[in-house]
Amino acid sequence: MDRRHELTRLGWRTGWVVAAAVPAAFLVVFFAWPAAALVARGFHDGSGWTLDGAAAVLRSPRTWQALGFTLGAATASTVACLALGLPGAALLFRRRFAGRDALRALVTIPFVLPTVVVGVAFGALLRSDGPLGWTGLDGTPVAILAAMVFFNYSVVVRTVGTFWARLDPRLADAAATLGAAPSRVFRTVTLPTLAPAVLSSGSLVFLFSASSYGIVMVLGQTRYRTIETEIWFLTTQLLDLPGAAALSVAQLVIVSVLLWLSGRAQSSLTRALRLQPDVVAARPLAAWRDWPLVGITGVVVLGLLGLPLATLMWRAIAPGGSLSLDNFLLLGGDTGLGAGVGEALRTSLVTATAATAIAVSLGVLVALVASRRPRRRGARHALATLEGLFLLPLGVSAVTVGFGYLITLNRPPLDLRSSIVLIPVAQAVVALPLVVRTLLPTLRALDPRQLEAAATLGSSPLQVLRRIELPHLARGLGLAVGFAFATSLGEFGATSFLARPDNPTLPVLIFRAFGRPGADNYGIALAASVVLAGLAGITMALAERVRPKEVATW
């Protein structure tokens, strides 16, 4: 009997090792190897290892300008998102009013929009003939910052709001009863309690803002540089691999620190959620008392989120100021951009579907493995390290990955440089961390006592997995699929390197059209951006309907 028990335990451990090895192998081949090869080539001059090239780049004022702009813009974006997102979280998760769920879905849409579409939308809003053209902000750091806040506002609202909805209001009510002003109650009671959610969302916003490649490429008009755009410039324009390698290493250090902070914060957040009661009933909206929340959130939703999207739609359907379908009719003709819009859309849908299948399949395995609760401290640290490794693609430049593919996957046995297969693989690498971040909190929110009770009653580990963990995991699967598909559909960084001139994806075609002169090219970029934004919005609206409401996934 003991022998059989030992064999069962050995087989179970072997199964978990295999489950971890499959996604790990994928990550090594399609992320670590290409990125490391690019970095290594930058530090090898053909005859030996050297730091001379990297040192020259690090001494360049251009490099420090790019690093300074990256950190400065990301910091400003994080502060703005937190300042605007906390009132939004309070309104959308602590107050009850008609249309609240629809408004939650609406503020989520910008996060999954392709960065190219966001750039085109703000470009239409701020260009000289746009509604805000009089401000003179087109091509300025303010435009880039506004687009970053537009893109990341929902990260704060969703992460903080989900946690806030579980907080017991009695402590804050007691402080108010004792005479504390609302501002003091928030500062001394509510905000410290929300610290894990604030830290988790803030680190993610900083990370996403620091890697907003498409936004800076479209809105910066080559006048402003970030680490990512500088990596692109050094690799594609100057073929300066030592410089690109040095910047890639710098970016990797920044990303690793942010992911560690975010992971620690989310672990604390998940543990706190397990200790909280069920979602607290939101109180009705009181216009006289909640007017600051309504006012701030209304300005953000209508001005920052709604106006760029409305302008994009209006410029697409009303070229010249009068309603017309001319821009959309251009999508069916010869665009002169290497392919028709219909062909680019089909390519995007096919590659996004394949990437979603890869990312979700691997993400399920990673989430199951990383959610284990080993008793040994070393094993817990190993699982935390494994989780962190799978989250690295969140912040490592997609340019680094895309260019790395071209110099590593170009010979047998993996000669894929001219194959369209590389595009869904690259998109899956980008989407995989989002799937893990969506599914893992769902499993971690499961009460360990439920698993222990099932084991005590005689259930085998396989039965516990099949009857408890997998059904619980399935609750977050719809949202994971939605994030993966929307992200893959709009991926631009790596795809811009890998897409063939005659077979681009829709984001690549939009970027080509937006960068060429002529009214027809601009009309194509507008209309195609509306199509792509609509697909992303529909995807996330459907995913939001099946989101596990009580779990802080984002």
# chains A, B, ... in the order shown; residues from 1 in each chain; ligands from 1
>>> select_by_dssp(residues="range 115-356 of chain A", states="helix (DSSP H, G or I)", output="PyMOL selection string")
chain A and resi 115-126+133-135+141-164+170-177+182-193+195-210+213-219+227-237+241-275+291-317+319-321+326-330+341-356
>>> closest_residue(among="A:Val341, A:Leu509, A:Ala536, A:Val531", to="Phe111 in chain A", atoms="only C-alpha atoms")
A:Ala536
>>> residues_around(residues="range 295-304 of chain A", least_positions_apart="6", cutoff="7 Å", atoms="only C-alpha atoms", output="list in words")
Pro87, Gly88 and Phe150 of chain A
>>> decode(residues="range 101-168 of chain A", atoms="C-alpha atoms", output="mmCIF file, in the first residue's frame")
data_model
loop_
_atom_site.group_PDB
_atom_site.id
_atom_site.type_symbol
_atom_site.label_atom_id
_atom_site.label_comp_id
_atom_site.auth_asym_id
_atom_site.auth_seq_id
_atom_site.Cartn_x
_atom_site.Cartn_y
_atom_site.Cartn_z
ATOM 1 C CA ASP A 101 -22.153 47.632 -15.719
ATOM 2 C CA ALA A 102 -22.215 49.150 -19.208
ATOM 3 C CA LEU A 103 -19.963 51.959 -18.013
ATOM 4 C CA ARG A 104 -17.526 49.423 -16.525
ATOM 5 C CA ALA A 105 -17.293 47.670 -19.898
ATOM 6 C CA LEU A 106 -16.861 51.007 -21.684
ATOM 7 C CA VAL A 107 -13.845 52.087 -19.631
ATOM 8 C CA THR A 108 -12.226 48.679 -20.266
ATOM 9 C CA ILE A 109 -12.258 49.010 -24.057
ATOM 10 C CA PRO A 110 -9.299 51.457 -24.333
ATOM 11 C CA PHE A 111 -6.982 48.980 -22.581
ATOM 12 C CA VAL A 112 -7.404 46.374 -25.328
ATOM 13 C CA LEU A 113 -7.338 48.785 -28.254
ATOM 14 C CA PRO A 114 -4.282 48.411 -30.476
ATOM 15 C CA THR A 115 -1.723 51.089 -29.703
ATOM 16 C CA VAL A 116 -1.732 52.086 -33.370
ATOM 17 C CA VAL A 117 -5.482 52.794 -33.172
ATOM 18 C CA VAL A 118 -4.955 54.854 -30.016
ATOM 19 C CA GLY A 119 -2.272 56.851 -31.816
ATOM 20 C CA VAL A 120 -4.502 57.437 -34.854
ATOM 21 C CA ALA A 121 -7.423 58.478 -32.615
ATOM 22 C CA PHE A 122 -5.374 61.068 -30.721
ATOM 23 C CA GLY A 123 -3.778 62.190 -33.962
ATOM 24 C CA ALA A 124 -7.250 62.864 -35.438
ATOM 25 C CA LEU A 125 -8.224 64.739 -32.281
ATOM 26 C CA LEU A 126 -5.155 66.955 -32.034
ATOM 27 C CA ARG A 127 -4.088 67.578 -35.624
ATOM 28 C CA SER A 128 -4.531 71.124 -36.926
ATOM 29 C CA ASP A 129 -8.019 70.466 -38.383
ATOM 30 C CA GLY A 130 -9.166 68.354 -35.412
ATOM 31 C CA PRO A 131 -11.508 69.423 -32.589
ATOM 32 C CA LEU A 132 -8.547 70.231 -30.303
ATOM 33 C CA GLY A 133 -6.167 71.361 -33.011
ATOM 34 C CA TRP A 134 -6.263 74.888 -31.584
ATOM 35 C CA THR A 135 -4.364 73.666 -28.508
ATOM 36 C CA GLY A 136 -1.191 73.025 -30.491
ATOM 37 C CA LEU A 137 -0.618 69.741 -28.640
ATOM 38 C CA ASP A 138 -0.180 67.551 -31.703
ATOM 39 C CA GLY A 139 3.180 65.788 -31.569
ATOM 40 C CA THR A 140 3.960 66.994 -28.037
ATOM 41 C CA PRO A 141 4.733 65.028 -24.845
ATOM 42 C CA VAL A 142 1.282 66.036 -23.525
ATOM 43 C CA ALA A 143 -0.364 64.132 -26.390
ATOM 44 C CA ILE A 144 1.738 61.051 -25.647
ATOM 45 C CA LEU A 145 0.939 61.283 -21.933
ATOM 46 C CA ALA A 146 -2.796 61.670 -22.602
ATOM 47 C CA ALA A 147 -2.755 58.588 -24.828
ATOM 48 C CA MET A 148 -0.944 56.587 -22.131
ATOM 49 C CA VAL A 149 -3.558 57.577 -19.537
ATOM 50 C CA PHE A 150 -6.330 56.747 -22.010
ATOM 51 C CA PHE A 151 -4.786 53.325 -22.494
ATOM 52 C CA ASN A 152 -4.157 52.462 -18.820
ATOM 53 C CA TYR A 153 -6.960 54.173 -16.873
ATOM 54 C CA SER A 154 -9.011 50.976 -16.663
ATOM 55 C CA VAL A 155 -6.122 49.044 -15.058
ATOM 56 C CA VAL A 156 -6.497 51.175 -11.925
ATOM 57 C CA VAL A 157 -10.291 51.198 -12.028
ATOM 58 C CA ARG A 158 -10.593 47.427 -12.369
ATOM 59 C CA THR A 159 -7.826 46.361 -9.980
ATOM 60 C CA VAL A 160 -8.603 48.821 -7.194
ATOM 61 C CA GLY A 161 -12.367 48.691 -7.732
ATOM 62 C CA THR A 162 -12.620 44.908 -7.449
ATOM 63 C CA PHE A 163 -10.747 45.009 -4.136
ATOM 64 C CA TRP A 164 -12.649 48.062 -2.897
ATOM 65 C CA ALA A 165 -15.964 46.286 -3.490
ATOM 66 C CA ARG A 166 -14.945 43.699 -0.886
ATOM 67 C CA LEU A 167 -13.913 46.115 1.864
ATOM 68 C CA ASP A 168 -16.095 46.113 4.945
#
